[in-house]
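Notes for the one structure printed next.
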Amino acid sequence: MPTPREADEALIRRQIGKIVEGLRDKDLEGLERLYTTDVVSFDVEPPLQHVGVAAKSRNWANVFAFFETVTYEVRDLVLAVGDDVAFGHAFARLSGTLKNGTATSGMWVRITYGLRKIDGAWLIAHDQVSVPLDIVSGKGVTDLEP
């Protein structure tokens, strides 16, 4: 039988899996249920922060506006789980077919999750998505793979 921490880690991994499913299914409402209402997201697109589930939802809606089909992959997820807070980090890639029919393999990004356990459910309270920065050129490096 799993320990409480192992059980919580399994629940969190399922939550992250629901992001993959929600993007594939273009299920905006399902995605919204994975976040706290006051989520703070440091995403790759401006501004510096997106505050609240409505702002996070707009980011996912933007994905659906550009993509006909969406594939989201999370790789190498590592979690640290406490009683009511947890954090994790992974690599993620958004890819698929654009509305114009062009297939894109996307780019790998680094993602960090901060989660809170609220009424028994693990919800994402913070996420940060980034790419490495080439200091000399001042540009993000988007061609790296894990």
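Note on naming: chains are A, B, ... as they come in the structure tokens, residues start from 1 per chain, ligands start from 1 in the order shown.
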
Against stretch 139-146 of chain A, which residues of stretch 40-114 of chain A fall within 9 Å? For each one I want the closest pair of atoms and the distance in Å (one decimal), counting only C-alpha atoms, rows by chain and increasing residue number, as JSON lines.
{"residue": "A:Arg75", "atom": "CA", "partner": "A:Pro146", "partner_atom": "CA", "distance": 8.2}
{"residue": "A:Asp76", "atom": "CA", "partner": "A:Pro146", "partner_atom": "CA", "distance": 8.7}
{"residue": "A:Phe91", "atom": "CA", "partner": "A:Pro146", "partner_atom": "CA", "distance": 7.1}
{"residue": "A:Gly106", "atom": "CA", "partner": "A:Thr142", "partner_atom": "CA", "distance": 8.9}
{"residue": "A:Met107", "atom": "CA", "partner": "A:Thr142", "partner_atom": "CA", "distance": 5.8}
{"residue": "A:Trp108", "atom": "CA", "partner": "A:Glu145", "partner_atom": "CA", "distance": 6.0}
{"residue": "A:Val109", "atom": "CA", "partner": "A:Thr142", "partner_atom": "CA", "distance": 7.7}

Keeping only C-alpha atoms, write the selected residues as a short mmCIF file (atom, residue, chain, number, x, y, z; two decimals), in the first residue's frame.
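Contents of result12.cif, as written:
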data_model
loop_
_atom_site.label_atom_id
_atom_site.label_comp_id
_atom_site.auth_asym_id
_atom_site.auth_seq_id
_atom_site.Cartn_x
_atom_site.Cartn_y
_atom_site.Cartn_z
CA ARG A 75 9.14 14.74 -19.69
CA ASP A 76 11.28 14.08 -16.62
CA PHE A 91 10.51 19.71 -19.58
CA GLY A 106 7.27 22.93 -31.23
CA MET A 107 10.06 23.67 -28.79
CA TRP A 108 11.11 22.27 -25.45
CA VAL A 109 10.65 24.56 -22.47
#

* So which residues touch stretch 116-132 of chain A within 6 Å, counting only C-alpha atoms, skipping near sequence neighbours fewer than 5 positions away, as a list of chain:residue names? ->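 Using only C-alpha atoms, the neighbours found are A:Leu34, A:Tyr35, A:Thr36, A:Val39, A:Val40, A:Ser41, A:Phe42, A:Asp43, A:Val44, A:Asp84, A:Val85, A:Val109, A:Arg110, A:Ile111, A:Gly140, A:Val141.
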
Residues of chain A in alpha helix (DSSP H), written as an mmCIF file with C-alpha atoms, in the first residue's frame:
data_model
loop_
_atom_site.group_PDB
_atom_site.id
_atom_site.type_symbol
_atom_site.label_atom_id
_atom_site.label_comp_id
_atom_site.auth_asym_id
_atom_site.auth_seq_id
_atom_site.Cartn_x
_atom_site.Cartn_y
_atom_site.Cartn_z
ATOM 1 C CA PRO A 4 0.289 9.180 1.956
ATOM 2 C CA ARG A 5 3.136 11.045 0.205
ATOM 3 C CA GLU A 6 3.303 8.429 -2.556
ATOM 4 C CA ALA A 7 -0.473 8.637 -2.972
ATOM 5 C CA ASP A 8 -0.294 12.447 -3.192
ATOM 6 C CA GLU A 9 2.535 12.240 -5.726
ATOM 7 C CA ALA A 10 0.432 9.885 -7.847
ATOM 8 C CA LEU A 11 -2.495 12.353 -7.654
ATOM 9 C CA ILE A 12 -0.252 15.227 -8.735
ATOM 10 C CA ARG A 13 1.125 13.223 -11.645
ATOM 11 C CA ARG A 14 -2.460 12.535 -12.725
ATOM 12 C CA GLN A 15 -3.214 16.285 -12.512
ATOM 13 C CA ILE A 16 -0.253 17.061 -14.782
ATOM 14 C CA GLY A 17 -1.496 14.309 -17.097
ATOM 15 C CA LYS A 18 -4.851 16.090 -17.215
ATOM 16 C CA ILE A 19 -3.067 19.114 -18.724
ATOM 17 C CA VAL A 20 -1.861 16.855 -21.537
ATOM 18 C CA GLU A 21 -5.395 15.487 -22.019
ATOM 19 C CA GLY A 22 -7.054 18.901 -21.751
ATOM 20 C CA LEU A 23 -4.826 20.374 -24.428
ATOM 21 C CA ARG A 24 -5.285 17.387 -26.732
ATOM 22 C CA ASP A 25 -9.063 17.591 -26.284
ATOM 23 C CA LEU A 28 -10.673 24.780 -21.698
ATOM 24 C CA GLU A 29 -13.065 24.186 -18.781
ATOM 25 C CA GLY A 30 -11.230 21.009 -17.823
ATOM 26 C CA LEU A 31 -7.918 22.876 -17.860
ATOM 27 C CA GLU A 32 -9.330 25.669 -15.690
ATOM 28 C CA VAL A 53 -7.441 31.403 -13.671
ATOM 29 C CA ALA A 54 -9.110 33.592 -16.329
ATOM 30 C CA ALA A 55 -5.690 34.905 -17.419
ATOM 31 C CA LYS A 56 -4.262 31.372 -17.516
ATOM 32 C CA SER A 57 -7.309 30.249 -19.478
ATOM 33 C CA ARG A 58 -6.710 33.011 -22.056
ATOM 34 C CA ASN A 59 -3.198 31.621 -22.611
ATOM 35 C CA TRP A 60 -4.605 28.162 -23.345
ATOM 36 C CA ALA A 61 -7.354 29.694 -25.518
ATOM 37 C CA ASN A 62 -4.589 31.369 -27.561
ATOM 38 C CA VAL A 63 -3.085 27.926 -28.162
ATOM 39 C CA PHE A 64 -6.422 26.662 -29.448
ATOM 40 C CA ALA A 65 -6.722 29.716 -31.731
ATOM 41 C CA PHE A 66 -3.441 28.803 -33.492
#

* To do: Report the distance between atom CA of A:Tyr72 and atom CA of A:Leu94 in Å, rounded to one decimal place.
  =>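 A separation of 4.6 Å between them.
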
* Would you list, as a PyMOL selection string, the residues of stretch 53-108 of chain A that end up in strand (DSSP E or B) under DSSP run on this structure's backbone? => chain A and resi 67-81+85-98+103-104+108

* To do: Quote the spacing between atom CA of A:Pro46 and atom CA of A:Leu115 in Å to one decimal place.
  =>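 Those two atoms sit 22.6 Å apart.
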
* Do you have the atom CA of A:Ala80-atom CA of A:Lys26 distance handy? ->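 So the two atoms, atom CA of A:Ala80 and atom CA of A:Lys26, lie 29.0 Å apart.
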
May I have the residues within 7 Å of A:Glu68 as a JSON list (two decimals) with N, CA, C and O atoms, in the first residue's frame, using only C-alpha atoms and disregarding those fewer than 2 positions away in the same chain?
[["chain", "number", "residue", "atom", "x", "y", "z"],
["A", 66, "PHE", "N", -4.50, 29.02, -32.50],
["A", 66, "PHE", "CA", -3.44, 28.80, -33.49],
["A", 66, "PHE", "C", -3.36, 27.36, -33.98],
["A", 66, "PHE", "O", -2.94, 27.10, -35.09],
["A", 70, "VAL", "N", -3.48, 19.64, -31.11],
["A", 70, "VAL", "CA", -2.48, 19.99, -30.10],
["A", 70, "VAL", "C", -1.93, 18.72, -29.46],
["A", 70, "VAL", "O", -2.69, 17.83, -29.09],
["A", 97, "THR", "N", -0.55, 20.53, -35.22],
["A", 97, "THR", "CA", -0.82, 21.06, -36.55],
["A", 97, "THR", "C", -1.50, 22.41, -36.42],
["A", 97, "THR", "O", -2.51, 22.54, -35.72],
["A", 98, "LEU", "N", -0.91, 23.41, -37.06],
["A", 98, "LEU", "CA", -1.47, 24.75, -37.01],
["A", 98, "LEU", "C", -2.75, 24.81, -37.84],
["A", 98, "LEU", "O", -3.03, 23.95, -38.67],
["A", 99, "LYS", "N", -3.53, 25.86, -37.63],
["A", 99, "LYS", "CA", -4.80, 26.04, -38.36],
["A", 99, "LYS", "C", -4.59, 26.06, -39.87],
["A", 99, "LYS", "O", -5.46, 25.65, -40.62]]
